[in-house]
Amino acid sequence: MKRLTAITGLLALVAAIVAALSVAAPTGKTGPEVTRLPPKPRLPALPAEIRSRGKFLIGVKCDTPPMGWQDTSGRNRGYDVDVAKQFARWAFGSASRIDFTCVTTASRIGTLTSGRVDMIIATLTWTAERERTIDYSLPYFGAAGKLLVKNAVTVGRLNSWMPGKKIASTSGSIYDRWVKNCFTQSTFQVSSSPSAGVLAVKNGQVDALMYDDTFLVSVAANDPDLRLTNHTFLRVPWGIGIRKTDPQIKAWVDTAIRGMKARDMFWPIMKRTIPRRFYPLFRLNAPRPKVNLKYPRGTVPEATCPS
């Protein structure tokens, strides 16, 4: 019975977040920004296998609104999904020429390296460790970490507050590594999904959920019992994951990202993804002609502990 109640609560939470996004975020194309776009960039050839197939195979998150999720009809939606659709338009002339595969934080790299998908567009934060296994595209989004707690919880400096606390996040995430590297006296609890982590905070099973700002901002805005602390950490861009054995795909994706950035196409996608009231918070997260995102190569952000 407890398990059924937890599952019911989790589904209700996801539905509430999705409903809030659906109501608050504008839909459709932003006319003036689209009509002024120049023609698509000169794109290199894709591998013959993809050209003959006539569609992309792409791994995306299906449980992480507003970046990658499925609506009540089972359609994939979100920022990552819309980036994938733009790739399909430029490659095959139609946004529908994609087969999406749902991936989790823990499964996404394995799904890619096993050959099940051509690429993963799945909130993949850059890390030096991951880059030894896969290639990253140019950055296509700049994310940061936040902490979600109950309203009554007071959090001061992380170094003094974190010891003895239970912190939830998804397995294999950069937050998993950061907590284990920097807060050895904290207990890290694996959440099967971001929404499951939110439910764990609400039920008092953990003291906080550590996750991406894009997801947590919507949760805090729509749940009167929860709030975000003032801390922001691990400000590291996301990239599209590509196998190291597929340099043609990487060349194509990098060229497409440069083309979308030059045409200011990422910010309109972001505006279609998040509620209008969050525009000021994320105006520098999407690559734009005058907004340049870079990976912090030469550093190990998840091993850099606060002083």
# chains A, B, ... in the order shown; residues from 1 in each chain; ligands from 1
$ closest_atom_pairs --of "segment 182-295 of chain A" --to "segment 105-116 of chain A" --cutoff "8 Å" --atoms "only C-alpha atoms" --output "JSON lines"
{"residue": "A:Gly241", "atom": "CA", "partner": "A:Leu112", "partner_atom": "CA", "distance": 7.6}
{"residue": "A:Ile242", "atom": "CA", "partner": "A:Leu112", "partner_atom": "CA", "distance": 7.2}
{"residue": "A:Arg243", "atom": "CA", "partner": "A:Thr113", "partner_atom": "CA", "distance": 6.2}
$ residues_around --residues "Thr232 of chain A" --least-positions-apart "5" --cutoff "7 Å" --atoms "only C-alpha atoms" --output "PDB file with N, CA, C and O atoms, in the first residue's frame"
ATOM      1  N   ALA A 144      22.941  25.054 -14.221  1.00  0.00           N
ATOM      2  CA  ALA A 144      23.565  25.205 -12.913  1.00  0.00           C
ATOM      3  C   ALA A 144      22.787  24.364 -11.912  1.00  0.00           C
ATOM      4  O   ALA A 144      21.623  24.008 -12.142  1.00  0.00           O
ATOM      5  N   GLY A 145      23.414  24.054 -10.792  1.00  0.00           N
ATOM      6  CA  GLY A 145      22.775  23.264  -9.755  1.00  0.00           C
ATOM      7  C   GLY A 145      22.116  24.132  -8.702  1.00  0.00           C
ATOM      8  O   GLY A 145      22.590  25.231  -8.385  1.00  0.00           O
ATOM      9  N   LYS A 146      20.994  23.640  -8.164  1.00  0.00           N
ATOM     10  CA  LYS A 146      20.280  24.310  -7.083  1.00  0.00           C
ATOM     11  C   LYS A 146      19.885  23.280  -6.034  1.00  0.00           C
ATOM     12  O   LYS A 146      19.952  22.076  -6.272  1.00  0.00           O
TER      13      LYS A 146
END
$ closest_residue --among "A:Phe278, A:Phe183, A:Phe100, A:Phe266" --to "Gly164 of chain A" --atoms "only C-alpha atoms"
A:Phe183
$ closest_residue --among "A:Tyr140, A:Tyr295, A:Tyr211, A:Trp90" --to "Arg42 of chain A" --atoms "only C-alpha atoms"
A:Trp90
$ residues_around --residues "Ala84 of chain A" --least-positions-apart "4" --cutoff "9 Å" --atoms "only C-alpha atoms" --output "MDAnalysis selection string"
chainID A and resid 56 58 79:80 88:89 95 98 121
$ closest_residue --among "A:Arg272, A:Lys180, A:Arg277, A:Lys244" --to "Ser218 of chain A" --atoms "only C-alpha atoms"
A:Arg277
$ closest_residue --among "A:Val201, A:Met260, A:Leu234, A:Val60" --to "Thr127 of chain A" --atoms "only C-alpha atoms"
A:Leu234
